[in-house]
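S.K.: Below is the file my_file-v2.tsv, with TSV, C-alpha atoms and all ligand atoms.
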chain	number	residue	atom	x	y	z
A	1	MET	CA	80.56	126.78	85.85
A	2	ILE	CA	84.10	125.94	84.84
A	3	LEU	CA	86.51	127.16	87.50
A	4	PRO	CA	90.24	127.80	87.33
A	5	ILE	CA	92.32	124.93	88.73
A	6	LEU	CA	94.96	125.97	91.23
A	7	LYS	CA	98.50	125.03	90.35
A	8	TYR	CA	101.40	123.77	92.43
A	9	GLY	CA	102.48	126.61	94.72
A	10	ALA	CA	98.94	127.56	95.81
A	11	PRO	CA	98.67	127.20	99.62
A	12	GLN	CA	95.21	125.57	99.37
A	13	LEU	CA	96.90	122.51	97.80
A	14	ARG	CA	99.00	122.07	100.93
A	15	THR	CA	96.16	122.50	103.44
A	16	MET	CA	94.40	119.74	105.38
A	17	SER	CA	90.78	119.94	104.22
A	18	LYS	CA	87.81	119.91	106.60
A	19	PRO	CA	85.04	117.28	106.56
A	20	VAL	CA	81.79	118.13	104.76
A	21	GLU	CA	79.14	118.73	107.41
A	22	SER	CA	76.24	120.32	105.51
A	23	PHE	CA	74.81	118.30	102.65
A	24	ASP	CA	73.00	121.26	101.17
A	25	ALA	CA	72.48	123.16	97.91
A	26	ASP	CA	75.84	124.92	98.24
A	27	LEU	CA	77.61	121.56	98.34
A	28	GLU	CA	75.66	120.39	95.30
A	29	GLU	CA	76.70	123.53	93.44
A	30	ILE	CA	80.39	123.01	94.29
A	31	ALA	CA	80.21	119.37	93.14
A	32	LYS	CA	78.49	120.37	89.89
A	33	ASN	CA	81.17	122.96	89.18
A	34	MET	CA	83.90	120.45	89.97
A	35	ILE	CA	82.44	117.93	87.51
A	36	GLU	CA	82.21	120.58	84.77
A	37	THR	CA	85.76	121.75	85.49
A	38	MET	CA	87.06	118.17	85.50
A	39	TYR	CA	85.38	117.32	82.18
A	40	SER	CA	86.58	120.48	80.49
A	41	SER	CA	90.22	119.98	81.49
A	42	PRO	CA	89.82	117.05	80.66
A	43	GLY	CA	90.64	114.95	83.70
A	44	ILE	CA	89.46	111.79	85.46
A	45	GLY	CA	89.58	113.16	89.00
A	46	LEU	CA	89.40	116.41	90.92
A	47	ALA	CA	89.52	117.33	94.60
A	48	ALA	CA	87.84	120.44	96.06
A	49	PRO	CA	91.16	122.01	97.23
A	50	GLN	CA	92.17	122.19	93.56
A	51	ILE	CA	89.46	124.80	93.01
A	52	GLY	CA	90.47	126.54	96.24
A	53	ILE	CA	87.83	125.04	98.56
A	54	ASN	CA	89.35	123.11	101.45
A	55	ILE	CA	86.56	120.61	102.08
A	56	ARG	CA	86.76	116.81	101.83
A	57	LEU	CA	85.01	116.38	98.49
A	58	VAL	CA	86.28	114.55	95.41
A	59	THR	CA	84.87	113.89	91.94
A	60	ILE	CA	86.01	111.03	89.75
A	61	ASP	CA	84.94	109.80	86.32
A	62	LEU	CA	87.21	107.40	84.45
A	63	THR	CA	84.94	107.81	81.38
A	64	VAL	CA	85.32	111.65	81.47
A	65	GLY	CA	81.56	112.05	80.98
A	66	GLU	CA	81.17	109.37	78.29
A	67	ASN	CA	79.03	107.23	80.57
A	68	GLU	CA	76.57	108.72	83.08
A	69	ASN	CA	77.20	105.74	85.40
A	70	GLY	CA	80.88	106.58	85.54
A	71	LYS	CA	80.41	109.67	87.68
A	72	ILE	CA	81.51	109.47	91.33
A	73	ILE	CA	80.97	112.30	93.81
A	74	LEU	CA	82.26	111.42	97.25
A	75	CYS	CA	82.32	113.41	100.47
A	76	ASN	CA	84.56	112.59	103.41
A	77	PRO	CA	86.17	109.59	101.69
A	78	GLU	CA	88.04	107.13	103.87
A	79	ILE	CA	90.14	104.18	102.84
A	80	VAL	CA	88.70	101.19	104.70
A	81	SER	CA	91.24	98.68	103.42
A	82	SER	CA	93.77	98.34	100.64
A	83	GLU	CA	95.89	95.59	99.17
A	84	GLY	CA	98.64	94.99	96.64
A	85	GLU	CA	100.63	97.55	94.70
A	86	GLN	CA	100.58	99.01	91.19
A	87	LYS	CA	103.19	101.24	89.59
A	88	ASN	CA	102.09	103.46	86.76
A	89	ASP	CA	102.57	106.87	85.25
A	90	GLU	CA	100.56	109.52	87.03
A	91	GLY	CA	99.87	113.21	86.58
A	92	CYS	CA	97.75	115.92	88.17
A	93	LEU	CA	95.70	118.84	86.81
A	94	SER	CA	97.45	121.06	89.38
A	95	ILE	CA	100.89	120.07	88.07
A	96	PRO	CA	100.23	120.22	84.31
A	97	ASP	CA	102.71	118.70	81.85
A	98	PHE	CA	104.52	116.67	84.50
A	99	SER	CA	104.07	112.98	85.19
A	100	ASP	CA	106.02	110.15	86.75
A	101	THR	CA	105.70	106.61	88.04
A	102	VAL	CA	103.89	106.42	91.36
A	103	ALA	CA	103.21	103.33	93.46
A	104	ARG	CA	99.61	103.01	94.65
A	105	PRO	CA	97.52	100.22	96.17
A	106	LEU	CA	96.16	97.82	93.55
A	107	LYS	CA	92.80	97.46	95.26
A	108	MET	CA	91.00	99.40	97.92
A	109	THR	CA	87.68	99.74	99.63
A	110	VAL	CA	86.64	103.36	100.09
A	111	ARG	CA	83.70	104.64	102.04
A	112	GLY	CA	82.21	108.10	102.32
A	113	ARG	CA	78.98	110.00	101.78
A	114	ASN	CA	77.10	111.08	98.68
A	115	LEU	CA	75.61	114.56	98.22
A	116	HIS	CA	72.56	113.57	100.28
A	117	GLY	CA	74.73	112.50	103.20
A	118	ASP	CA	74.03	108.79	102.69
A	119	GLU	CA	76.91	106.40	103.31
A	120	VAL	CA	78.33	104.86	100.13
A	121	ARG	CA	81.09	102.35	99.53
A	122	TYR	CA	83.28	101.60	96.52
A	123	GLU	CA	85.37	98.54	95.75
A	124	ALA	CA	88.08	100.01	93.54
A	125	GLU	CA	90.74	98.29	91.50
A	126	GLY	CA	93.45	99.39	89.07
A	127	LEU	CA	92.98	102.91	87.70
A	128	LEU	CA	90.00	103.64	89.97
A	129	ALA	CA	92.01	102.64	93.05
A	130	ARG	CA	94.85	104.88	91.84
A	131	CYS	CA	92.44	107.73	91.33
A	132	PHE	CA	90.85	107.42	94.79
A	133	SER	CA	94.29	107.29	96.37
A	134	HIS	CA	95.45	110.39	94.42
A	135	GLU	CA	92.31	112.43	95.19
A	136	ILE	CA	92.23	111.50	98.88
A	137	ASP	CA	95.88	112.60	99.07
A	138	HIS	CA	94.75	116.05	97.84
A	139	LEU	CA	92.39	116.33	100.84
A	140	ASN	CA	95.42	115.87	103.10
A	141	GLY	CA	97.57	118.40	101.25
A	142	VAL	CA	99.60	115.68	99.54
A	143	LEU	CA	100.57	115.76	95.84
A	144	PHE	CA	101.80	112.93	93.62
A	145	ILE	CA	105.30	114.41	93.50
A	146	ASP	CA	105.55	113.76	97.26
A	147	HIS	CA	105.65	110.04	96.41
A	148	LEU	CA	108.70	110.45	94.14
A	149	SER	CA	112.34	110.23	95.16
A	150	PRO	CA	113.80	113.48	96.58
A	151	LEU	CA	115.91	113.84	93.42
A	152	LYS	CA	112.98	113.53	91.02
A	153	ARG	CA	110.89	115.82	93.18
A	154	SER	CA	113.52	118.56	93.24
A	155	LEU	CA	113.98	118.30	89.45
A	156	ILE	CA	110.27	118.94	88.96
A	157	ARG	CA	110.28	121.74	91.56
A	158	ASN	CA	113.18	123.46	89.83
A	159	LYS	CA	111.47	123.26	86.44
A	160	ILE	CA	108.31	124.76	87.93
A	161	LYS	CA	110.34	127.55	89.56
A	162	LYS	CA	111.84	128.39	86.17
A	163	LEU	CA	108.41	128.37	84.53
A	164	ALA	CA	107.07	130.61	87.31
A	165	LYS	CA	109.97	133.03	86.86
A	166	ALA	CA	109.18	133.20	83.15
A	167	GLY	CA	105.52	133.85	83.97
A	168	GLU	CA	104.52	130.53	82.42
A	169	TRP	CA	103.11	128.84	85.53
B	201	NI	NI	95.70	115.76	91.31
Please re-express this file's structure in structure tokens.
Ligand code: NI

M.R.:
Amino acid sequence: MILPILKYGAPQLRTMSKPVESFDADLEEIAKNMIETMYSSPGIGLAAPQIGINIRLVTIDLTVGENENGKIILCNPEIVSSEGEQKNDEGCLSIPDFSDTVARPLKMTVRGRNLHGDEVRYEAEGLLARCFSHEIDHLNGVLFIDHLSPLKRSLIRNKIKKLAKAGEW
């Protein structure tokens, strides 16, 4: 089921999400819906808070469904180590039509659990490292605009306020 994606301003996007504890059918259903929602947007990453569920669950697929092996579903992700820095343009499905340059680690090792509760580990580099960093931020109530300068951030906030006033957000 394709679910609506919450936009900037929704309190769930600013909430610290809770660890996944039950690796059950409900969790599988949420993950399935997140994948469908992510593909339909289309997007390369989605975090559960973006569909209003504050649990530590992220989905990522740099191929946007083109390659079955590209699908990543990760519960309780943790950054084990990271190195280097990359600066690239970044956006977010919860802040549509805005993007800016964000610095992220160039490489990182991430560990977490799959839908069965088994521990899994990813060695991520480049875009995948950026994506993990962005999605894990969501689980902590952090958005990409928080990484921008105060000036850039307030410009975006003001534009969103205007859009909201006009009923276009
Ligand atoms: Ni995002």

S.K.: Return as a PyMOL selection string the residues of protein, DNA or RNA that approach ligand NI 201 (chain B) to within 8 Å, with all atoms listed in the file taken into account.

M.R.: chain A and resi 45-47+50+91-95+134-135+138+143-144

S.K.: Considering all atoms listed in the file, tabulate each residue of region 43-83 of chain A that lies at most 9 Å from region 106-116 of chain A along with its nearest interatomic pair and the corresponding distance in Å to one decimal; arrange the rows by chain and ascending residue number and present them as CSV.

M.R.:
residue,atom,partner,partner_atom,distance
A:Ile72,CA,A:Asn114,CA,8.7
A:Ile73,CA,A:Asn114,CA,6.3
A:Leu74,CA,A:Asn114,CA,5.4
A:Cys75,CA,A:Arg113,CA,4.9
A:Asn76,CA,A:Gly112,CA,5.2
A:Pro77,CA,A:Gly112,CA,4.3
A:Glu78,CA,A:Arg111,CA,5.3
A:Ile79,CA,A:Val110,CA,4.5
A:Val80,CA,A:Thr109,CA,5.4
A:Ser81,CA,A:Thr109,CA,5.3
A:Ser82,CA,A:Met108,CA,4.0
A:Glu83,CA,A:Lys107,CA,5.3

S.K.: Return the single residue from A:Ala48, A:Ile156, A:Ala103, A:Leu148 that is closest to Ile136 (chain A), with distances computed using all atoms listed in the file.

M.R.: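 Ranked by minimum distance to Ile136 (chain A), first place goes to A:Ala48.
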
S.K.: I need the residue nearest Asp97 (chain A) from this list: A:Ser40, A:Pro19, A:Leu13, A:Leu163. Use all atoms listed in the file for the distance.

M.R.: A:Leu163

S.K.: Tell me, as a PyMOL selection string, which residues lie within 8 Å of Pro4 (chain A), counting all atoms listed in the file; anything in the same chain fewer than 2 positions away does not count.

M.R.: chain A and resi 2+6+37+51

S.K.: What gap, in Å, lies between CA of Pro49 (chain A) and CA of Lys87 (chain A)?

M.R.: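 Separation of CA of Pro49 (chain A) and CA of Lys87 (chain A): 25.2 Å.
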
S.K.: Using Å and a single decimal, report how far CA of Lys7 (chain A) sits from CA of Phe98 (chain A).

M.R.: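 Separation of CA of Phe98 (chain A) and CA of Lys7 (chain A): 11.8 Å.
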
S.K.: Produce the centre coordinates and the three edge lengths, each in Å to one decimal, of the box along x, y and z that contains all listed atoms of region 60-79 of chain A with 8 Å added on each side, as lines of an AutoDock Vina configuration file.

M.R.:
center_x = 83.4
center_y = 108.8
center_z = 91.1
size_x = 29.6
size_y = 25.2
size_z = 41.6

S.K.: Distance CA of Leu3 (chain A)-CA of Leu155 (chain A), one decimal place?

M.R.: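 Between CA of Leu3 (chain A) and CA of Leu155 (chain A) the gap is 28.9 Å.
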
S.K.: Using only C-alpha atoms, can you tell me which of A:Met16, A:Asn67, A:Asp26, A:Tyr8 comes closest to Arg157 (chain A)?

M.R.: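 Among A:Met16, A:Asn67, A:Asp26, A:Tyr8, it is A:Tyr8 that comes nearest to Arg157 (chain A).
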
S.K.: For Leu62 (chain A), which residue out of A:Ile44, A:Ala164, A:Ala25, A:Ala124 is the nearest one, using only C-alpha atoms?

M.R.: A:Ile44

S.K.: Neighbours of Val64 (chain A) within 8 Å (all atoms listed in the file; same-chain residues fewer than 4 positions away dropped), as number ranges by chain?

M.R.: A: 38-39, 42-44, 70

S.K.: Using all atoms listed in the file, pick whichever of A:Gln86, A:Asn140, A:Ser133, A:Gln12 has the shortest atom-to-atom distance to Arg56 (chain A).

M.R.: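 Closest to Arg56 (chain A) of all the choices is A:Asn140.
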
S.K.: Skipping near chain neighbours, those fewer than 5 positions away, what residues fall within 10 Å of Leu27 (chain A) using only C-alpha atoms, listed as a list in words?

M.R.: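 In the requested format, the answer is Val20, Glu21, Ser22, Lys32, Asn33, Ile55, Leu57, Cys75, Leu115 and His116 of chain A.
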
S.K.: Atoms to include: C-alpha atoms. Write the selected residues as an mmCIF file, in the coordinates of the input.

M.R.:
data_model
loop_
_atom_site.group_PDB
_atom_site.id
_atom_site.type_symbol
_atom_site.label_atom_id
_atom_site.label_comp_id
_atom_site.auth_asym_id
_atom_site.auth_seq_id
_atom_site.Cartn_x
_atom_site.Cartn_y
_atom_site.Cartn_z
ATOM 1 C CA VAL A 20 81.790 118.130 104.760
ATOM 2 C CA GLU A 21 79.140 118.730 107.410
ATOM 3 C CA SER A 22 76.240 120.320 105.510
ATOM 4 C CA LYS A 32 78.490 120.370 89.890
ATOM 5 C CA ASN A 33 81.170 122.960 89.180
ATOM 6 C CA ILE A 55 86.560 120.610 102.080
ATOM 7 C CA LEU A 57 85.010 116.380 98.490
ATOM 8 C CA CYS A 75 82.320 113.410 100.470
ATOM 9 C CA LEU A 115 75.610 114.560 98.220
ATOM 10 C CA HIS A 116 72.560 113.570 100.280
#

S.K.: Restricting the calculation to all atoms listed in the file, which member of A:Glu36, A:Leu151, A:Ile53, A:Glu85 is positioned closest to Gly65 (chain A)?

M.R.: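 Comparing A:Glu36, A:Leu151, A:Ile53, A:Glu85 against Gly65 (chain A), the winner is A:Glu36.
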